[in-house]
Amino acid sequence: MDSLQAEVRALEAEIAALRRACEEPRTPEEDASRALKSLQEIQQSDSGAWASSKDLKGHLGHLESELLFLSTLTGINIRSYSMRTEDLTSTEKTEQSIKKVLQKHRLSGNCHMVTFQLEFQILEIQSKERLSSVITDLNIIMEPTEYSELSDFVSRAEDRRDLLMFFQSLHFFVEWCEYRQRTFEHFKEKYPEAVRLPEGAVSSCMAVRSPREPGFELIIVWRIQIDDGGKVLPKLDLLTKAPRRALQLDETRVLETAPRGFRALLGVLGIEAALESLVKSLGVGEDH
């Protein structure tokens, strides 16, 4: 019975953490306090509320279904979670009415193919008038990944101790990475003779060779950036590779202005249509 009750508490804590990770924050301080306080409340819930093992098993089934839904919705899967508390309440007379508790949380999980471990501490201060909590330490450990853009973002999240920004931005970052991979693979499959992915399946660039002009190639570089506020943005640029002779004959500077024209095309057509237009501009697929 004790092990089932512990499982209930762990599952409820995961649900609370995922719910807060999906919410649009009002202010970072307010939402961090609400999300992290919910973990404590669930951990300290009264286990005697379950009258029978049948009730407990039914509740476990409901929690498992809800966790599956949240994991499918956000792509975030919490595999393990634990918490320890330490009472820091002072025995001095001036502090007798103030209770201080330090919570030490540890969890591990993944967002699709990105795996992470989190360790964070929350200092909760309760007086007669109010209850407040603040993250005092946040440590994020990311498993090795091909996505170099995550390194700076993780450092910013740790410096700010912003747990919600980490979850929200990671979710959207991974979604953009998967969309980029699907898009590049689509063009590779559609035009296998002309399109190549220099970095493999998770390539951040796509090269298109001209069937008419040997040595002429367009390279699309697609980066996924996370700004200082945690907003995830795609950034696409065009690079050109041409033989020296072609550069000498380009009196109208078409190659020089191509990157600017590509950015304008993105704004009008969107990513997939702009890439399709770019590929066809080289005469690729005309014989199909």
# chains A, B, ... in the order shown; residues from 1 in each chain; ligands from 1
call {"tool": "select_by_dssp", "arguments": {"residues": "stretch 56-225 of chain A", "states": "helix (DSSP H, G or I)", "output": "PyMOL selection string"}}
result
chain A and resi 56-74+93-95+149-160+163-190
call {"tool": "closest_residue", "arguments": {"among": "A:Val232, A:Val174, A:Leu218, A:Ile226", "to": "A:Pro259", "atoms": "only C-alpha atoms"}}
result
A:Leu218
call {"tool": "select_by_dssp", "arguments": {"residues": "stretch 180-250 of chain A", "states": "strand (DSSP E or B)", "output": "PyMOL selection string"}}
result
chain A and resi 195-196+205-209+217-226+232-241
call {"tool": "residues_around", "arguments": {"residues": "stretch 194-209 of chain A", "least_positions_apart": "5", "cutoff": "12 Å", "atoms": "only C-alpha atoms", "output": "number ranges by chain"}}
result
A: 113, 145-149, 174, 176-189, 214-225, 234-242, 275-286
call {"tool": "atom_distance", "arguments": {"atom1": "atom CA of A:Val154", "atom2": "atom CA of A:Ser133"}}
result
22.4 Å
call {"tool": "residues_around", "arguments": {"residues": "A:Leu123", "least_positions_apart": "2", "cutoff": "9 Å", "atoms": "only C-alpha atoms", "output": "list in words"}}
result
Lys100, Val101, Leu102, Gln103, Lys104, Gln121, Ile125, Ser132, Ser133, Val134, Ile135 and Thr136 of chain A
call {"tool": "closest_residue", "arguments": {"among": "A:Arg161, A:Arg130, A:Lys190, A:Arg156", "to": "A:Leu118", "atoms": "only C-alpha atoms"}}
result
A:Arg161
call {"tool": "atom_distance", "arguments": {"atom1": "atom CA of A:Leu233", "atom2": "atom CA of A:Phe153"}}
result
12.8 Å
call {"tool": "closest_residue", "arguments": {"among": "A:Thr85, A:Ser151, A:Ser169, A:Ser97", "to": "A:Glu129", "atoms": "only C-alpha atoms"}}
result
A:Ser97
call {"tool": "closest_residue", "arguments": {"among": "A:Ser155, A:Asn77, A:Gln168, A:Ser210", "to": "A:Thr115", "atoms": "only C-alpha atoms"}}
result
A:Asn77
